[in-house]
Amino acid sequence: MLFAIEEINNSLNILPGLSLGYKMYDACGSVAEAVRGALALANGNEEILVFSETPCTRSGQVQAILGETSSSPCMAIATVLGPFHLPLISHFATCACLSDKVKYPSFFRTIPSDLYQSRALAQLVRHFGWTWVGVIRTNDDYGNYGMATFAETAKQLGICLEYSVSFFRTDPPEKILNIINIIKHSSSKVIVAFMSHMDMDVIIHKLSDHNVSGYQWVGSEGWIFDAQTAAADKYHILNGAIGLSIPKAYVSGMEEFMMDVRSLNTSGNQLFTEFWEELFNCEFNAETYHKRCTGTEDLSQVDNSFTDMSLMPIFNNVYKGVYAVAYALHKILKCNKTCQTDVNLDPHMILQQLKNIHFQTKEGEGVYFNENGDPTAKYEIINWQPTAQGTVDFVTVGLYDASLPADRQLTLQNVSIYWAQNSKQVPISVCSRACSPGTRKVLQKGKPVCCYDCVLCAEGEISNSTDSTTCVQCPPDFWSNAQRDTCVRKETEFLSYEEIMGALLTAASLFGTCMTCVVACIFFKYRKTPIVRANNSELSFLLLFSLSLCFLCSLTFIGRPSEWSCMLRHTAFGITFVLCISCVLGKTIVVLMAFRATLPGSNVMKWFGPLQQKLSVVGFTLIQVLICVLWLTMSPPFPFKNFKEFKSKIIVECSLGSSFGFWAVLGYIGLLALLCFVLAFFARKLPDNLNEAKFITFSMLIFCAVWITFIPAYVSSPGKFSVAVEIFAILASSFGLLFCIFIPKCYILLMKPETNTKMNIIRNKELRRF
């Protein structure tokens with residue numbers, strides 16, 4: 001402060017023709033003493049000492065107060081002086097509470113608020129991945145407010161506090177011992193200390209006594225750059241400590257000024273005498289047996305806290321505070337080459353001017369106060385690195401600038417960091433290890449959010465990042481892999497030609513088609529023989545044609561469903577089967593009509609001749625065609641992906657579209673089959689020479705049995721097996737018709753040709769066996 005005042009008084013650019021004076025009080029570390037001194041300064045009723053031959057031309061009215069160093073005294077002083085609008089400018093009080101302009105309207109400071117320091121400490125801790133930490137704070141406004149902000153920011157960043165204890169240097173030993181036990185029994189390896197250097201010195205001694213070491217310390221600016229704390233750490237407990245410090249500063253001429261204190265000797269100030277004697281261990285009025293002080297001793301040869309220029313950043317804060325008041329007075333007094341000395345100075349005027357002050361120091365540093373009376377927050381990140389001589393170097397390893405965007409505020413330089421216990425790697429301090437991809441975090445009951453278990457994601461869910469709190473459901477077409485960290489495309493399932501079941505059904509279908517063709521060839525070869533002609537050869541050939549179509553239509557059910565195959569498979573099946581049943585029905589009616597025609601006076605055959613038979617087949621088939629057309633027009637079958645049947649597979653199948661259309665097609669086939677079965681059943685006891693009805697009865701019995709059992713099997717079969725059931729029903733009923741109706745006749749044609757005569761048709765009983 002003296003250096004700054006001397007510079008200002010000797011300057012022609014600021015307050016020309018005017019000299020600043022000062023009054024100084026020692027608060028002695030007491031809030032009460034600090035308030036008493038502040039009131040004395042405000043009232044102006046204290047003794048004035050003037051060490052100058054030139055008398056002051058103005059009264060000793062105080063325009064601003066510089067100080068105090070700690071936050072608690074500043075809060076008390078600012079509260080008392082607030083109504084008087086007397087500015088209070090602190091160089092080291094960092095409590096965020098002092099930014100409240102409602103409570104402390106006249107408070108300013110040249111050191112950043114702990115609001116920024118606490119946030120910066122939390123970001124620093126998170127940067128190194130420490131999510132499980134313990135905290136110790138000084139039990140005063142500095143520590144309590146600072147740690148409250150740290151805890152709030154830490155929570156937002158996902159950092160948990162295992163313990164949070166307060167400490168003051170006057171606490172009883174029992175409390176200190178309790179804090180040491182908490183540290184020793186904790187699982188966190190990082191301790192954040194928001195403390196003053198005086199409290200830190202005490203706690204370090206106690207930790208040394210109990211051999212508590214191996215922890216990574218993170219410190220606030222209250223102690224991280226303090227040489228006395230480093231010297232007190234004789235057991236190197238704090239080695240590797242990292243924390244925030246006021247940025248380095250340089251004030252030219254400051255060191256020379258501080259070394260030149262001999263002028264105080266001429267003033268007769270008793271302070272100089274005590275200082276000099278203590279510093280050089282001598283006395284000015286010494287006896288012969290003691291070293292006598294000469295007053296010319298060399299200060300530069302002394303290494304102590306007074307000559308230590310490491311506190312230059314704090315000196316710089318005081319320096320800026322003095323200049324802020326000077327520039328405010330310069331504005332009020334409208335100084336140019338001279339100042340207007342007739343202005344009635346009022347502290348309120350100084351207060352308003354300080355709010356808008358903006359100037360640069362001779363070193364080029366910008367100085368101003370924001371709306372809360374705070375400067376821009378900038379910190380250096382300091383690392384304690386031990387030297388070979390047993391001392392500690394405070395190495396700058398990074399910077400923090402609150403004026404930058406959030407993602408760029410914290411930057412680390414390319415400097416090796418010394419960690420606790422000389423570890424080359426960053427210490428790990430977490431409650432639970434990181435959950436790997438494929439798992440999610442599940443909180444442990446009754447513990448902080450940083451303590452969790454890693455649980456494997458459920459089937460169909462994944463997590464592809466570390467420490468995921470949730471698992472993400474895979475898209476419908478995908479499924480989770482075994483590690484649950486990637487969604488893989490689901491296997492698509494349908495009845496294909498390549499698999500065994502599809503190949504067997506295809507072979508059965510082609511075999512039935514070939515067998516039908518063979519039977520047709522046999523019937524065509526023997527078409528003029530009595531047995532072929534007696535069994536309605538035209539309907540037989542039409543029936544064989546429809547059976548071949550029935551065998552072939554089963555192939556449309558195999559392969560990947562498409563829009564056309566879905567519409568074709570059900571309609572082709574419905575129409576061909578109706579054509580087949582219509583032919584069988586026609587043959588059954590012919591048998592019945594033929595029997596009626598043998599009765600005397602009956603001419604019923606003229607009403608059901610060959611033309612009528614063909615028309616009946618066409619008519620029955622057209623009804624099915626109409627049903628299929630309506631089905632395809634209103635709501636046709638279409639391919640769709642079934643995700644519900646299997647979780648890990650996609651069943652590609654044909655949706656029926658309109659279920660009513662499907663069951664209408666199937667029901668019409670069943671109706672014709674039932675009618676044919678009833679008519680054939682009634683004709684089963686007709687004379688053997690004309691009786692084809694018994695074979696039709698057997699074939700219809702097989703047909704109905706197959707399709708009655710098909711319905712529950714089709715409904716209950718999953719995926720491609722429902723398609724296989726439908727194909728099996730088509731093939732089984734087709735083979736039943738082929739074997740029951742045509743094989744007995746082929747046996748006669750091929751194995752018993754001698755019975756294939758007109759006479760034997762009437763008399764031979766060979767047919768009874770079939």
# chains A, B, ... in the order shown; residues from 1 in each chain; ligands from 1
>>> residues_around(residues="range 444-458 of chain A", least_positions_apart="4", cutoff="7 Å", atoms="only C-alpha atoms", output="list of chain:residue names")
A:Thr131, A:Trp132, A:Cys160, A:Cys431, A:Ser432, A:Cys435, A:Gly438, A:Thr439, A:Arg440, A:Ile462, A:Cys471, A:Arg484
>>> residues_around(residues="range 720-730 of chain A", least_positions_apart="5", cutoff="10 Å", atoms="only C-alpha atoms", output="ChimeraX atom specification")
/A:493-496,501-502,505-506,508-509,550-558,573,577,651-654,703,705-711,713-715,735-736
>>> closest_residue(among="A:Gln61, A:Gln216, A:Leu750, A:Asp26", to="Lys525 in chain A", atoms="only C-alpha atoms")
A:Leu750
>>> residues_around(residues="Asp308 in chain A", least_positions_apart="2", cutoff="12 Å", atoms="only C-alpha atoms", output="JSON, numbers by chain")
{"A": [226, 227, 228, 254, 255, 258, 259, 299, 300, 301, 302, 303, 304, 305, 306, 310, 311, 312, 313, 315]}
>>> select_by_dssp(residues="range 62-219 of chain A", states="helix (DSSP H, G or I)", output="PyMOL selection string")
chain A and resi 71-84+96-99+114-127+141-156+173-184+197-209
